[in-house]
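> Here you go, this is my_file_29.cif (mmCIF, N, CA and C atoms and all ligand atoms).
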```
data_run
#
loop_
_atom_site.label_atom_id
_atom_site.label_comp_id
_atom_site.auth_asym_id
_atom_site.auth_seq_id
_atom_site.Cartn_x
_atom_site.Cartn_y
_atom_site.Cartn_z
N MET A 161 -4.57 -39.87 -90.41
CA MET A 161 -4.89 -40.45 -89.10
C MET A 161 -5.59 -41.79 -89.28
N GLY A 162 -5.33 -42.71 -88.38
CA GLY A 162 -5.92 -44.04 -88.48
C GLY A 162 -7.41 -44.03 -88.18
N CYS A 163 -8.06 -45.11 -88.57
CA CYS A 163 -9.49 -45.25 -88.33
C CYS A 163 -9.72 -46.52 -87.52
N LEU A 164 -10.38 -46.36 -86.38
CA LEU A 164 -10.63 -47.47 -85.46
C LEU A 164 -11.36 -48.62 -86.15
N PHE A 165 -12.39 -48.31 -86.91
CA PHE A 165 -13.19 -49.39 -87.51
C PHE A 165 -12.47 -50.00 -88.71
N CYS A 166 -11.64 -49.23 -89.43
CA CYS A 166 -10.78 -49.85 -90.45
C CYS A 166 -9.83 -50.83 -89.78
N ASP A 167 -9.33 -50.47 -88.60
CA ASP A 167 -8.42 -51.37 -87.87
C ASP A 167 -9.14 -52.66 -87.48
N ILE A 168 -10.40 -52.57 -87.07
CA ILE A 168 -11.17 -53.78 -86.72
C ILE A 168 -11.42 -54.61 -87.98
N VAL A 169 -11.79 -53.93 -89.08
CA VAL A 169 -12.01 -54.62 -90.36
C VAL A 169 -10.75 -55.39 -90.77
N GLU A 170 -9.59 -54.75 -90.57
CA GLU A 170 -8.31 -55.35 -90.98
C GLU A 170 -7.72 -56.27 -89.91
N LYS A 171 -8.47 -56.48 -88.82
CA LYS A 171 -8.06 -57.38 -87.72
C LYS A 171 -6.79 -56.89 -87.03
N LYS A 172 -6.55 -55.58 -87.12
CA LYS A 172 -5.42 -54.99 -86.38
C LYS A 172 -5.83 -54.70 -84.94
N LYS A 173 -7.15 -54.65 -84.73
CA LYS A 173 -7.68 -54.42 -83.39
C LYS A 173 -8.76 -55.48 -83.16
N PRO A 174 -8.77 -56.09 -81.97
CA PRO A 174 -9.73 -57.17 -81.74
C PRO A 174 -11.16 -56.66 -81.55
N ALA A 175 -12.10 -57.51 -81.87
CA ALA A 175 -13.51 -57.23 -81.62
C ALA A 175 -14.22 -58.57 -81.56
N LYS A 176 -15.38 -58.57 -80.90
CA LYS A 176 -16.18 -59.80 -80.83
C LYS A 176 -17.07 -59.84 -82.07
N ILE A 177 -16.57 -60.52 -83.10
CA ILE A 177 -17.22 -60.50 -84.41
C ILE A 177 -18.34 -61.54 -84.45
N LEU A 178 -19.51 -61.09 -84.90
CA LEU A 178 -20.68 -61.97 -84.98
C LEU A 178 -20.99 -62.36 -86.41
N TYR A 179 -20.54 -61.55 -87.36
CA TYR A 179 -20.87 -61.79 -88.77
C TYR A 179 -19.80 -61.12 -89.61
N GLU A 180 -19.45 -61.77 -90.73
CA GLU A 180 -18.52 -61.14 -91.67
C GLU A 180 -18.75 -61.70 -93.06
N ASP A 181 -18.73 -60.83 -94.05
CA ASP A 181 -18.68 -61.26 -95.45
C ASP A 181 -17.71 -60.35 -96.18
N ASN A 182 -17.73 -60.38 -97.51
CA ASN A 182 -16.75 -59.61 -98.29
C ASN A 182 -16.92 -58.10 -98.12
N ASP A 183 -18.12 -57.68 -97.77
CA ASP A 183 -18.44 -56.26 -97.80
C ASP A 183 -18.60 -55.61 -96.42
N ALA A 184 -18.85 -56.42 -95.41
CA ALA A 184 -19.19 -55.83 -94.11
C ALA A 184 -18.86 -56.78 -92.97
N ILE A 185 -18.90 -56.20 -91.78
CA ILE A 185 -18.59 -56.96 -90.57
C ILE A 185 -19.54 -56.47 -89.48
N ALA A 186 -19.89 -57.35 -88.57
CA ALA A 186 -20.73 -56.94 -87.43
C ALA A 186 -20.07 -57.44 -86.15
N PHE A 187 -20.00 -56.56 -85.16
CA PHE A 187 -19.35 -56.93 -83.90
C PHE A 187 -20.04 -56.25 -82.73
N GLU A 188 -19.79 -56.80 -81.55
CA GLU A 188 -20.40 -56.27 -80.32
C GLU A 188 -19.83 -54.88 -80.01
N ASP A 189 -20.70 -53.96 -79.62
CA ASP A 189 -20.23 -52.64 -79.17
C ASP A 189 -19.49 -52.80 -77.84
N ILE A 190 -18.41 -52.08 -77.69
CA ILE A 190 -17.57 -52.19 -76.49
C ILE A 190 -18.26 -51.57 -75.27
N ASN A 191 -19.21 -50.70 -75.51
CA ASN A 191 -19.90 -49.99 -74.41
C ASN A 191 -21.41 -50.05 -74.66
N PRO A 192 -21.98 -51.24 -74.45
CA PRO A 192 -23.38 -51.47 -74.89
C PRO A 192 -24.39 -50.58 -74.18
N GLN A 193 -25.31 -50.06 -74.95
CA GLN A 193 -26.37 -49.19 -74.44
C GLN A 193 -27.68 -49.94 -74.24
N SER A 194 -27.68 -51.22 -74.52
CA SER A 194 -28.85 -52.09 -74.33
C SER A 194 -28.32 -53.52 -74.27
N PRO A 195 -29.14 -54.47 -73.80
CA PRO A 195 -28.64 -55.85 -73.70
C PRO A 195 -28.05 -56.36 -75.02
N ILE A 196 -28.62 -55.94 -76.12
CA ILE A 196 -28.05 -56.25 -77.44
C ILE A 196 -27.61 -54.93 -78.06
N HIS A 197 -26.34 -54.84 -78.40
CA HIS A 197 -25.82 -53.63 -79.06
C HIS A 197 -24.69 -54.08 -79.99
N VAL A 198 -25.04 -54.18 -81.25
CA VAL A 198 -24.13 -54.68 -82.27
C VAL A 198 -23.93 -53.56 -83.30
N LEU A 199 -22.71 -53.45 -83.82
CA LEU A 199 -22.40 -52.47 -84.86
C LEU A 199 -22.20 -53.20 -86.18
N VAL A 200 -22.91 -52.73 -87.20
CA VAL A 200 -22.76 -53.29 -88.54
C VAL A 200 -21.98 -52.26 -89.36
N VAL A 201 -20.83 -52.69 -89.87
CA VAL A 201 -19.84 -51.75 -90.43
C VAL A 201 -19.43 -52.20 -91.84
N PRO A 202 -19.55 -51.32 -92.83
CA PRO A 202 -19.04 -51.68 -94.15
C PRO A 202 -17.52 -51.74 -94.13
N LYS A 203 -16.94 -52.63 -94.91
CA LYS A 203 -15.47 -52.70 -94.96
C LYS A 203 -14.88 -51.47 -95.65
N LYS A 204 -15.65 -50.91 -96.57
CA LYS A 204 -15.22 -49.68 -97.24
C LYS A 204 -15.29 -48.52 -96.24
N HIS A 205 -14.26 -47.71 -96.21
CA HIS A 205 -14.28 -46.54 -95.31
C HIS A 205 -15.14 -45.44 -95.91
N ILE A 206 -16.23 -45.13 -95.22
CA ILE A 206 -17.12 -44.00 -95.55
C ILE A 206 -17.26 -43.24 -94.24
N SER A 207 -16.93 -41.96 -94.24
CA SER A 207 -16.81 -41.24 -92.96
C SER A 207 -18.14 -40.99 -92.27
N THR A 208 -19.10 -40.49 -93.02
CA THR A 208 -20.42 -40.21 -92.43
C THR A 208 -21.49 -40.56 -93.45
N SER A 209 -22.74 -40.57 -93.02
CA SER A 209 -23.82 -40.88 -93.96
C SER A 209 -23.91 -39.84 -95.07
N LEU A 210 -23.37 -38.65 -94.82
CA LEU A 210 -23.36 -37.61 -95.86
C LEU A 210 -22.41 -37.97 -97.01
N ASP A 211 -21.51 -38.90 -96.76
CA ASP A 211 -20.52 -39.28 -97.78
C ASP A 211 -20.93 -40.51 -98.59
N ILE A 212 -22.15 -41.00 -98.37
CA ILE A 212 -22.64 -42.14 -99.13
C ILE A 212 -22.92 -41.71 -100.57
N LYS A 213 -22.34 -42.44 -101.52
CA LYS A 213 -22.49 -42.13 -102.94
C LYS A 213 -23.43 -43.15 -103.59
N GLU A 214 -23.86 -42.83 -104.80
CA GLU A 214 -24.77 -43.72 -105.49
C GLU A 214 -24.17 -45.13 -105.63
N GLU A 215 -22.86 -45.19 -105.83
CA GLU A 215 -22.20 -46.50 -105.99
C GLU A 215 -22.26 -47.34 -104.70
N ASP A 216 -22.59 -46.69 -103.59
CA ASP A 216 -22.66 -47.38 -102.29
C ASP A 216 -24.07 -47.87 -101.95
N TYR A 217 -25.05 -47.56 -102.77
CA TYR A 217 -26.43 -47.83 -102.38
C TYR A 217 -26.67 -49.31 -102.07
N SER A 218 -26.11 -50.21 -102.88
CA SER A 218 -26.36 -51.63 -102.61
C SER A 218 -25.63 -52.06 -101.34
N LEU A 219 -24.46 -51.47 -101.09
CA LEU A 219 -23.72 -51.75 -99.85
C LEU A 219 -24.54 -51.33 -98.63
N ILE A 220 -25.15 -50.16 -98.72
CA ILE A 220 -25.96 -49.68 -97.59
C ILE A 220 -27.15 -50.60 -97.37
N GLY A 221 -27.74 -51.06 -98.46
CA GLY A 221 -28.84 -52.03 -98.34
C GLY A 221 -28.40 -53.29 -97.62
N LYS A 222 -27.18 -53.73 -97.92
CA LYS A 222 -26.64 -54.94 -97.28
C LYS A 222 -26.52 -54.76 -95.77
N LEU A 223 -26.16 -53.55 -95.34
CA LEU A 223 -26.02 -53.31 -93.89
C LEU A 223 -27.34 -53.60 -93.18
N PHE A 224 -28.44 -53.20 -93.82
CA PHE A 224 -29.77 -53.45 -93.22
C PHE A 224 -30.08 -54.94 -93.20
N ASN A 225 -29.69 -55.64 -94.25
CA ASN A 225 -29.93 -57.09 -94.26
C ASN A 225 -29.13 -57.77 -93.16
N ILE A 226 -27.89 -57.33 -92.95
CA ILE A 226 -27.06 -57.91 -91.88
C ILE A 226 -27.67 -57.58 -90.52
N ALA A 227 -28.19 -56.36 -90.37
CA ALA A 227 -28.87 -56.00 -89.11
C ALA A 227 -30.05 -56.95 -88.87
N ASN A 228 -30.78 -57.29 -89.91
CA ASN A 228 -31.89 -58.24 -89.77
C ASN A 228 -31.39 -59.61 -89.34
N ILE A 229 -30.28 -60.05 -89.93
CA ILE A 229 -29.70 -61.35 -89.56
C ILE A 229 -29.32 -61.34 -88.08
N ILE A 230 -28.68 -60.27 -87.64
CA ILE A 230 -28.27 -60.15 -86.22
C ILE A 230 -29.49 -60.16 -85.32
N ALA A 231 -30.51 -59.38 -85.67
CA ALA A 231 -31.72 -59.31 -84.84
C ALA A 231 -32.38 -60.68 -84.72
N LYS A 232 -32.39 -61.43 -85.81
CA LYS A 232 -32.97 -62.79 -85.76
C LYS A 232 -32.10 -63.71 -84.92
N GLN A 233 -30.77 -63.65 -85.14
CA GLN A 233 -29.83 -64.48 -84.35
C GLN A 233 -29.98 -64.21 -82.86
N LYS A 234 -30.16 -62.96 -82.52
CA LYS A 234 -30.24 -62.55 -81.12
C LYS A 234 -31.64 -62.73 -80.54
N GLY A 235 -32.59 -63.09 -81.40
CA GLY A 235 -33.94 -63.40 -80.93
C GLY A 235 -34.80 -62.18 -80.62
N VAL A 236 -34.49 -61.03 -81.22
CA VAL A 236 -35.29 -59.84 -80.95
C VAL A 236 -36.06 -59.34 -82.17
N ALA A 237 -36.00 -60.10 -83.26
CA ALA A 237 -36.64 -59.61 -84.50
C ALA A 237 -38.13 -59.35 -84.27
N GLU A 238 -38.81 -60.29 -83.64
CA GLU A 238 -40.26 -60.13 -83.44
C GLU A 238 -40.57 -59.12 -82.34
N ARG A 239 -39.79 -59.15 -81.28
CA ARG A 239 -40.01 -58.20 -80.17
C ARG A 239 -39.80 -56.77 -80.63
N GLY A 240 -38.78 -56.61 -81.45
CA GLY A 240 -38.44 -55.28 -81.96
C GLY A 240 -37.05 -54.87 -81.57
N PHE A 241 -36.51 -53.98 -82.36
CA PHE A 241 -35.15 -53.49 -82.14
C PHE A 241 -35.03 -52.15 -82.84
N ARG A 242 -33.95 -51.47 -82.56
CA ARG A 242 -33.77 -50.14 -83.14
C ARG A 242 -32.47 -50.08 -83.94
N LEU A 243 -32.55 -49.47 -85.11
CA LEU A 243 -31.37 -49.24 -85.94
C LEU A 243 -31.07 -47.75 -85.92
N VAL A 244 -29.81 -47.42 -85.66
CA VAL A 244 -29.39 -46.01 -85.55
C VAL A 244 -28.11 -45.80 -86.35
N MET A 245 -28.07 -44.74 -87.12
CA MET A 245 -26.80 -44.29 -87.69
C MET A 245 -26.65 -42.80 -87.38
N ASN A 246 -25.71 -42.49 -86.50
CA ASN A 246 -25.47 -41.11 -86.13
C ASN A 246 -24.68 -40.40 -87.23
N CYS A 247 -24.90 -39.12 -87.37
CA CYS A 247 -24.16 -38.34 -88.36
C CYS A 247 -23.72 -37.01 -87.77
N ASN A 248 -22.40 -36.89 -87.63
CA ASN A 248 -21.76 -35.65 -87.19
C ASN A 248 -22.04 -35.31 -85.72
N ARG A 249 -21.58 -34.18 -85.30
CA ARG A 249 -21.37 -33.89 -83.87
C ARG A 249 -22.64 -33.92 -83.03
N GLU A 250 -23.68 -33.24 -83.44
CA GLU A 250 -24.85 -33.13 -82.56
C GLU A 250 -25.60 -34.45 -82.40
N SER A 251 -25.39 -35.38 -83.31
CA SER A 251 -26.03 -36.70 -83.18
C SER A 251 -25.30 -37.56 -82.16
N GLY A 252 -24.03 -37.20 -81.89
CA GLY A 252 -23.20 -38.01 -81.01
C GLY A 252 -22.25 -38.94 -81.75
N GLN A 253 -22.10 -38.77 -83.07
CA GLN A 253 -21.15 -39.63 -83.79
C GLN A 253 -19.75 -39.42 -83.25
N THR A 254 -19.10 -40.52 -82.89
CA THR A 254 -17.74 -40.45 -82.34
C THR A 254 -16.73 -41.19 -83.20
N VAL A 255 -17.20 -42.17 -83.97
CA VAL A 255 -16.31 -42.91 -84.88
C VAL A 255 -16.72 -42.57 -86.30
N PHE A 256 -15.80 -41.97 -87.04
CA PHE A 256 -16.12 -41.43 -88.36
C PHE A 256 -15.82 -42.45 -89.46
N HIS A 257 -16.50 -43.58 -89.31
CA HIS A 257 -16.58 -44.67 -90.30
C HIS A 257 -17.98 -45.21 -90.08
N ILE A 258 -18.83 -45.05 -91.08
CA ILE A 258 -20.26 -45.29 -90.83
C ILE A 258 -20.52 -46.68 -90.25
N HIS A 259 -21.55 -46.75 -89.44
CA HIS A 259 -21.94 -47.99 -88.79
C HIS A 259 -23.40 -47.89 -88.39
N LEU A 260 -24.06 -49.03 -88.50
CA LEU A 260 -25.45 -49.13 -88.07
C LEU A 260 -25.45 -49.77 -86.69
N HIS A 261 -26.01 -49.06 -85.73
CA HIS A 261 -26.18 -49.64 -84.40
C HIS A 261 -27.43 -50.51 -84.42
N VAL A 262 -27.31 -51.75 -83.94
CA VAL A 262 -28.47 -52.62 -83.74
C VAL A 262 -28.67 -52.72 -82.23
N LEU A 263 -29.75 -52.11 -81.76
CA LEU A 263 -30.02 -52.01 -80.32
C LEU A 263 -31.28 -52.80 -80.02
N GLY A 264 -31.23 -53.61 -78.96
CA GLY A 264 -32.42 -54.38 -78.61
C GLY A 264 -32.30 -55.04 -77.27
N GLY A 265 -33.35 -55.77 -76.90
CA GLY A 265 -33.36 -56.51 -75.65
C GLY A 265 -33.96 -55.74 -74.50
N ARG A 266 -34.41 -54.54 -74.75
CA ARG A 266 -35.14 -53.77 -73.74
C ARG A 266 -36.11 -52.83 -74.45
N LEU A 267 -37.07 -52.31 -73.68
CA LEU A 267 -38.03 -51.38 -74.25
C LEU A 267 -37.32 -50.07 -74.60
N MET A 268 -37.48 -49.63 -75.83
CA MET A 268 -36.87 -48.37 -76.27
C MET A 268 -37.86 -47.23 -76.07
N HIS A 269 -37.32 -46.07 -75.82
CA HIS A 269 -38.16 -44.90 -75.61
C HIS A 269 -38.12 -43.98 -76.83
N TRP A 270 -39.16 -43.20 -76.95
CA TRP A 270 -39.23 -42.21 -78.03
C TRP A 270 -39.84 -40.95 -77.49
N PRO A 271 -39.31 -39.76 -77.72
CA PRO A 271 -38.12 -39.52 -78.54
C PRO A 271 -36.84 -40.00 -77.88
N PRO A 272 -35.83 -40.31 -78.69
CA PRO A 272 -34.53 -40.72 -78.13
C PRO A 272 -33.85 -39.51 -77.48
N GLY A 273 -32.89 -39.79 -76.66
CA GLY A 273 -32.19 -38.72 -75.94
C GLY A 273 -31.28 -37.91 -76.82
P1 LIG A 301 -21.09 -43.47 -82.70
O1 LIG A 301 -21.08 -42.67 -81.41
O2 LIG A 301 -20.00 -43.01 -83.64
O3 LIG A 301 -22.44 -43.53 -83.38
O4 LIG A 301 -20.79 -44.96 -82.28
C1 LIG A 301 -19.52 -45.43 -82.03
C2 LIG A 301 -19.68 -46.69 -81.21
O5 LIG A 301 -18.45 -47.40 -81.26
C3 LIG A 301 -20.00 -46.42 -79.74
O6 LIG A 301 -21.22 -47.05 -79.40
C4 LIG A 301 -18.79 -47.01 -79.00
O7 LIG A 301 -19.15 -47.63 -77.79
C5 LIG A 301 -18.24 -48.00 -80.01
N1 LIG A 301 -16.81 -48.21 -79.90
C6 LIG A 301 -15.85 -47.26 -79.71
N2 LIG A 301 -14.63 -47.83 -79.68
C7 LIG A 301 -14.82 -49.17 -79.85
C8 LIG A 301 -13.93 -50.28 -79.90
O8 LIG A 301 -12.70 -50.16 -79.79
N3 LIG A 301 -14.49 -51.51 -80.07
C9 LIG A 301 -15.84 -51.69 -80.20
N4 LIG A 301 -16.29 -52.94 -80.36
N5 LIG A 301 -16.71 -50.64 -80.16
C10 LIG A 301 -16.21 -49.41 -79.99
ZN ZN A 302 -12.45 -46.50 -91.56
#
```
Spit out the file's structure as structure tokens when you get a sec.
Ligand code: 5GP
Ligand code: ZN

Amino acid sequence: MGCLFCDIVEKKKPAKILYEDNDAIAFEDINPQSPIHVLVVPKKHISTSLDIKEEDYSLIGKLFNIANIIAKQKGVAERGFRLVMNCNRESGQTVFHIHLHVLGGRLMHWPPG
């Protein structure tokens, strides 16, 4: 079965891309949950955070650095923002290609819903 985020990585499906390098891509979420809602996605297909292997550790670190770049670009680094990676059904994961949600531009609540 195809993967939606692999399709975006391969430019088979359009997205509003904000950042791209050899290892990852960041684009606007189609259904934003806050004024800023960007997804940071590794180009390598990894289904869930449970599937992250030791060889992926530097790649995962890069996702956080890209999230920082996005937060600074969007002007919310100092105000604050939230990074989320859902894993499996009860978390609400719907796309089984890992991605870091960068959420910001409004006051976040805790605990999350
Ligand atoms: P998850 O629920 O797996 O943590 O997050 C998946 C995210 O992908 C959701 O926030 C959803 O709005 C977003 N999404 C689903 N389909 C598309 C799409 O075709 N394009 C973009 N840009 N985002 C999508
Ligand atoms: Zn994929």
> I need the strand (DSSP E or B) residues of chain A per DSSP on the backbone, written as a ChimeraX atom specification.
/A:177-180,184-188,196-202,241-244,260-264
> Counting all atoms listed in the file, which protein, DNA or RNA residues come within 5 Å of ligand LIG 301 (chain A), given as a ChimeraX atom specification?
/A:188-191,246,252-255
> Show me as a list in words the residues that reach within 8 Å of (-14.3, -50.8, -97.7), counting all atoms listed in the file and using the file's own coordinates.
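With a cut-off of 8 Å, the residues come to Asn182, Asp183, Ala184, Val201, Pro202, Lys203, Lys204, His205 and Ile206 of chain A.
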> Could you give me the residues within 7 Å of ligand ZN 302 (chain A), counting only C-alpha atoms and all ligand atoms, as a VMD selection string?
chain A and resid 163 to 166 205 to 207 257
> Could you write out that same residue set with N, CA and C atoms as a CSV table (one decimal), keeping the file's coordinate frame?

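Contents of part_27.csv, as written:
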```csv
chain,number,residue,atom,x,y,z
A,163,CYS,N,-8.1,-45.1,-88.6
A,163,CYS,CA,-9.5,-45.2,-88.3
A,163,CYS,C,-9.7,-46.5,-87.5
A,164,LEU,N,-10.4,-46.4,-86.4
A,164,LEU,CA,-10.6,-47.5,-85.5
A,164,LEU,C,-11.4,-48.6,-86.2
A,165,PHE,N,-12.4,-48.3,-86.9
A,165,PHE,CA,-13.2,-49.4,-87.5
A,165,PHE,C,-12.5,-50.0,-88.7
A,166,CYS,N,-11.6,-49.2,-89.4
A,166,CYS,CA,-10.8,-49.8,-90.4
A,166,CYS,C,-9.8,-50.8,-89.8
A,205,HIS,N,-14.3,-47.7,-96.2
A,205,HIS,CA,-14.3,-46.5,-95.3
A,205,HIS,C,-15.1,-45.4,-95.9
A,206,ILE,N,-16.2,-45.1,-95.2
A,206,ILE,CA,-17.1,-44.0,-95.6
A,206,ILE,C,-17.3,-43.2,-94.2
A,207,SER,N,-16.9,-42.0,-94.2
A,207,SER,CA,-16.8,-41.2,-93.0
A,207,SER,C,-18.1,-41.0,-92.3
A,257,HIS,N,-16.5,-43.6,-89.3
A,257,HIS,CA,-16.6,-44.7,-90.3
A,257,HIS,C,-18.0,-45.2,-90.1
```
> Using the chain letters and numbers from this document, which residues of chain A does DSSP assign to alpha helix (DSSP H), as JSON, numbers by chain?
{"A": [164, 165, 166, 167, 168, 169, 217, 218, 219, 220, 221, 222, 223, 224, 225, 226, 227, 228, 229, 230, 231, 232, 233]}
> If you keep N, CA and C atoms, can you produce a file of those selected residues as a short mmCIF file (atom, residue, chain, number, x, y, z; two decimals), in the coordinates of the input?

```cif
data_model
loop_
_atom_site.label_atom_id
_atom_site.label_comp_id
_atom_site.auth_asym_id
_atom_site.auth_seq_id
_atom_site.Cartn_x
_atom_site.Cartn_y
_atom_site.Cartn_z
N LEU A 164 -10.38 -46.36 -86.38
CA LEU A 164 -10.63 -47.47 -85.46
C LEU A 164 -11.36 -48.62 -86.15
N PHE A 165 -12.39 -48.31 -86.91
CA PHE A 165 -13.19 -49.39 -87.51
C PHE A 165 -12.47 -50.00 -88.71
N CYS A 166 -11.64 -49.23 -89.43
CA CYS A 166 -10.78 -49.85 -90.45
C CYS A 166 -9.83 -50.83 -89.78
N ASP A 167 -9.33 -50.47 -88.60
CA ASP A 167 -8.42 -51.37 -87.87
C ASP A 167 -9.14 -52.66 -87.48
N ILE A 168 -10.40 -52.57 -87.07
CA ILE A 168 -11.17 -53.78 -86.72
C ILE A 168 -11.42 -54.61 -87.98
N VAL A 169 -11.79 -53.93 -89.08
CA VAL A 169 -12.01 -54.62 -90.36
C VAL A 169 -10.75 -55.39 -90.77
N TYR A 217 -25.05 -47.56 -102.77
CA TYR A 217 -26.43 -47.83 -102.38
C TYR A 217 -26.67 -49.31 -102.07
N SER A 218 -26.11 -50.21 -102.88
CA SER A 218 -26.36 -51.63 -102.61
C SER A 218 -25.63 -52.06 -101.34
N LEU A 219 -24.46 -51.47 -101.09
CA LEU A 219 -23.72 -51.75 -99.85
C LEU A 219 -24.54 -51.33 -98.63
N ILE A 220 -25.15 -50.16 -98.72
CA ILE A 220 -25.96 -49.68 -97.59
C ILE A 220 -27.15 -50.60 -97.37
N GLY A 221 -27.74 -51.06 -98.46
CA GLY A 221 -28.84 -52.03 -98.34
C GLY A 221 -28.40 -53.29 -97.62
N LYS A 222 -27.18 -53.73 -97.92
CA LYS A 222 -26.64 -54.94 -97.28
C LYS A 222 -26.52 -54.76 -95.77
N LEU A 223 -26.16 -53.55 -95.34
CA LEU A 223 -26.02 -53.31 -93.89
C LEU A 223 -27.34 -53.60 -93.18
N PHE A 224 -28.44 -53.20 -93.82
CA PHE A 224 -29.77 -53.45 -93.22
C PHE A 224 -30.08 -54.94 -93.20
N ASN A 225 -29.69 -55.64 -94.25
CA ASN A 225 -29.93 -57.09 -94.26
C ASN A 225 -29.13 -57.77 -93.16
N ILE A 226 -27.89 -57.33 -92.95
CA ILE A 226 -27.06 -57.91 -91.88
C ILE A 226 -27.67 -57.58 -90.52
N ALA A 227 -28.19 -56.36 -90.37
CA ALA A 227 -28.87 -56.00 -89.11
C ALA A 227 -30.05 -56.95 -88.87
N ASN A 228 -30.78 -57.29 -89.91
CA ASN A 228 -31.89 -58.24 -89.77
C ASN A 228 -31.39 -59.61 -89.34
N ILE A 229 -30.28 -60.05 -89.93
CA ILE A 229 -29.70 -61.35 -89.56
C ILE A 229 -29.32 -61.34 -88.08
N ILE A 230 -28.68 -60.27 -87.64
CA ILE A 230 -28.27 -60.15 -86.22
C ILE A 230 -29.49 -60.16 -85.32
N ALA A 231 -30.51 -59.38 -85.67
CA ALA A 231 -31.72 -59.31 -84.84
C ALA A 231 -32.38 -60.68 -84.72
N LYS A 232 -32.39 -61.43 -85.81
CA LYS A 232 -32.97 -62.79 -85.76
C LYS A 232 -32.10 -63.71 -84.92
N GLN A 233 -30.77 -63.65 -85.14
CA GLN A 233 -29.83 -64.48 -84.35
C GLN A 233 -29.98 -64.21 -82.86
#
```
> Please provide the set of residues having any atom within 6 Å of Ser209 (chain A), restricted to only N, CA and C atoms, with same-chain residues fewer than 2 positions apart removed, written as a compact mmCIF listing (two decimals) with N, CA and C atoms, in the frame of the given file.

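result.txt, written as the output of this step:
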```
# COMPACT_ATOMS: atom_id res chain seq x y z
N SER A 207 -16.93 -41.96 -94.24
CA SER A 207 -16.81 -41.24 -92.96
C SER A 207 -18.14 -40.99 -92.27
N ASP A 211 -21.51 -38.90 -96.76
CA ASP A 211 -20.52 -39.28 -97.78
C ASP A 211 -20.93 -40.51 -98.59
N ILE A 212 -22.15 -41.00 -98.37
CA ILE A 212 -22.64 -42.14 -99.13
C ILE A 212 -22.92 -41.71 -100.57
N CYS A 247 -24.90 -39.12 -87.37
CA CYS A 247 -24.16 -38.34 -88.36
C CYS A 247 -23.72 -37.01 -87.77
N ILE A 258 -18.83 -45.05 -91.08
CA ILE A 258 -20.26 -45.29 -90.83
C ILE A 258 -20.52 -46.68 -90.25
```
> Rounded to one decimal, what separation in Å do you get between CA of Pro271 (chain A) and CA of Phe241 (chain A)?
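Interatomic distance here is 14.7 Å.
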> Quick one: pull the distance between atom N of His259 (chain A) and atom C of Ala186 (chain A), Å, one decimal.
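Rounded to one decimal, the two atoms are 11.3 Å apart.
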> Give me, as a PyMOL selection string, all polymer residues having an atom no more than 10 Å from Ile196 (chain A), counting only C-alpha atoms and skipping those fewer than 5 positions away in the same chain.
chain A and resi 188-189+230-231+234-236+241+261-266
> In Å to one decimal, how far is CA of Lys232 (chain A) from CA of Val198 (chain A)?
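Separation between CA of Val198 (chain A) and CA of Lys232 (chain A): 12.5 Å.
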